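Working notes, beginning with the structure itself.
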Amino acid sequence: MEKFELDLNQEALARRKTKNPSDKKNQISLMRVYCKGCGLCVDICPTGTLQLEDNHESKYGTSARIDAPEYCIGCEMCEMRCPDFAIFVNYEEKTG
Ligand code: SF4
Ligand code: SF4
């Protein structure tokens, strides 16, 4: 993984450390076959839910990974930012 991608991961983890797990149960779907590993979703996620990991079959040699789904607040920023329609979020209110 390139330094740029490692830095993205570190920044995302630093953001996560400032948050608490979400009180919502959101479902994130990542279609790895469409993910080229650009890292835009990792960069924009306000809670550091996503990380990049090595994937030598993708365009940039990485793919996004849903690393800590319990931190997802369902903002859908990743979905709106992804240029390849590779990630989707079902926002769900927590019940009970
Ligand atoms: S919906 Fe928001 S909080 Fe959840 S993974 Fe996407 S950008 Fe992060
Ligand atoms: S923005 Fe889309 S293509 Fe880029 S790493 Fe995230 S899921 Fe993959």
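Ordering of the structure tokens sets the chain letters (A, B, ...), residue numbers begin anew at 1 in every chain, and ligands are numbered from 1 in the order given.
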*Kindly work out which residues sit at most 7 Å from ligand 1, using only C-alpha atoms and all ligand atoms, and give the list as a PyMOL selection string.*
chain A and resi 28+41+44-50+71-79+89
Give me a file of those residues, with N, CA and C atoms, as a PDB file, in the first residue's frame.
ATOM      1  N   ILE A  28     -24.247  -1.171   5.775  1.00  0.00           N
ATOM      2  CA  ILE A  28     -23.408  -0.690   4.678  1.00  0.00           C
ATOM      3  C   ILE A  28     -23.128  -1.868   3.757  1.00  0.00           C
ATOM      4  N   CYS A  41     -14.107   7.491  -0.267  1.00  0.00           N
ATOM      5  CA  CYS A  41     -15.059   7.205   0.812  1.00  0.00           C
ATOM      6  C   CYS A  41     -14.358   7.198   2.175  1.00  0.00           C
ATOM      7  N   ILE A  44     -13.771  10.815   3.233  1.00  0.00           N
ATOM      8  CA  ILE A  44     -14.908  11.676   3.589  1.00  0.00           C
ATOM      9  C   ILE A  44     -15.675  11.169   4.811  1.00  0.00           C
ATOM     10  N   CYS A  45     -15.544   9.901   5.150  1.00  0.00           N
ATOM     11  CA  CYS A  45     -16.339   9.349   6.262  1.00  0.00           C
ATOM     12  C   CYS A  45     -16.009  10.074   7.572  1.00  0.00           C
ATOM     13  N   PRO A  46     -17.003  10.719   8.195  1.00  0.00           N
ATOM     14  CA  PRO A  46     -16.729  11.524   9.386  1.00  0.00           C
ATOM     15  C   PRO A  46     -16.423  10.702  10.638  1.00  0.00           C
ATOM     16  N   THR A  47     -16.713   9.412  10.582  1.00  0.00           N
ATOM     17  CA  THR A  47     -16.526   8.596  11.787  1.00  0.00           C
ATOM     18  C   THR A  47     -15.413   7.557  11.645  1.00  0.00           C
ATOM     19  N   GLY A  48     -14.707   7.570  10.526  1.00  0.00           N
ATOM     20  CA  GLY A  48     -13.604   6.627  10.363  1.00  0.00           C
ATOM     21  C   GLY A  48     -14.046   5.180  10.306  1.00  0.00           C
ATOM     22  N   THR A  49     -15.233   4.969   9.769  1.00  0.00           N
ATOM     23  CA  THR A  49     -15.777   3.612   9.683  1.00  0.00           C
ATOM     24  C   THR A  49     -15.038   2.758   8.656  1.00  0.00           C
ATOM     25  N   LEU A  50     -14.525   3.413   7.620  1.00  0.00           N
ATOM     26  CA  LEU A  50     -13.951   2.691   6.473  1.00  0.00           C
ATOM     27  C   LEU A  50     -12.432   2.739   6.493  1.00  0.00           C
ATOM     28  N   TYR A  71     -19.645   2.164  14.015  1.00  0.00           N
ATOM     29  CA  TYR A  71     -19.439   3.609  14.098  1.00  0.00           C
ATOM     30  C   TYR A  71     -20.205   4.382  13.022  1.00  0.00           C
ATOM     31  N   CYS A  72     -20.814   3.670  12.088  1.00  0.00           N
ATOM     32  CA  CYS A  72     -21.507   4.332  10.970  1.00  0.00           C
ATOM     33  C   CYS A  72     -22.755   5.062  11.471  1.00  0.00           C
ATOM     34  N   ILE A  73     -22.840   6.355  11.148  1.00  0.00           N
ATOM     35  CA  ILE A  73     -23.996   7.156  11.549  1.00  0.00           C
ATOM     36  C   ILE A  73     -25.026   7.272  10.420  1.00  0.00           C
ATOM     37  N   GLY A  74     -24.772   6.620   9.296  1.00  0.00           N
ATOM     38  CA  GLY A  74     -25.743   6.605   8.203  1.00  0.00           C
ATOM     39  C   GLY A  74     -25.841   7.906   7.435  1.00  0.00           C
ATOM     40  N   CYS A  75     -24.781   8.684   7.427  1.00  0.00           N
ATOM     41  CA  CYS A  75     -24.842   9.994   6.762  1.00  0.00           C
ATOM     42  C   CYS A  75     -24.881   9.876   5.235  1.00  0.00           C
ATOM     43  N   GLU A  76     -24.464   8.747   4.722  1.00  0.00           N
ATOM     44  CA  GLU A  76     -24.464   8.443   3.278  1.00  0.00           C
ATOM     45  C   GLU A  76     -23.455   9.251   2.479  1.00  0.00           C
ATOM     46  N   MET A  77     -22.522   9.892   3.164  1.00  0.00           N
ATOM     47  CA  MET A  77     -21.501  10.655   2.432  1.00  0.00           C
ATOM     48  C   MET A  77     -20.661   9.742   1.545  1.00  0.00           C
ATOM     49  N   CYS A  78     -20.362   8.555   2.026  1.00  0.00           N
ATOM     50  CA  CYS A  78     -19.554   7.612   1.225  1.00  0.00           C
ATOM     51  C   CYS A  78     -20.295   7.242  -0.051  1.00  0.00           C
ATOM     52  N   GLU A  79     -21.582   6.988   0.090  1.00  0.00           N
ATOM     53  CA  GLU A  79     -22.394   6.600  -1.074  1.00  0.00           C
ATOM     54  C   GLU A  79     -22.441   7.723  -2.098  1.00  0.00           C
ATOM     55  N   VAL A  89     -25.683   2.620   1.620  1.00  0.00           N
ATOM     56  CA  VAL A  89     -25.996   2.635   3.044  1.00  0.00           C
ATOM     57  C   VAL A  89     -27.498   2.600   3.236  1.00  0.00           C
TER      58      VAL A  89
END
_All strand (DSSP E or B) positions in region 1-86 of chain A, as a VMD selection string_ = chain A and resid 27 to 30 50 to 54 62 to 66
*Cut-off 10 Å, only C-alpha atoms and all ligand atoms, neighbours of ligand 2 as a ChimeraX atom specification*: /A:29-45,50-53,58-60,62-66,77-88
*asked:* I'd like to know which residues of chain A are alpha helix (DSSP H) (by DSSP, run on the backbone); could you write them as a PyMOL selection string?
replied: chain A and resi 3-17+40-44+77-81
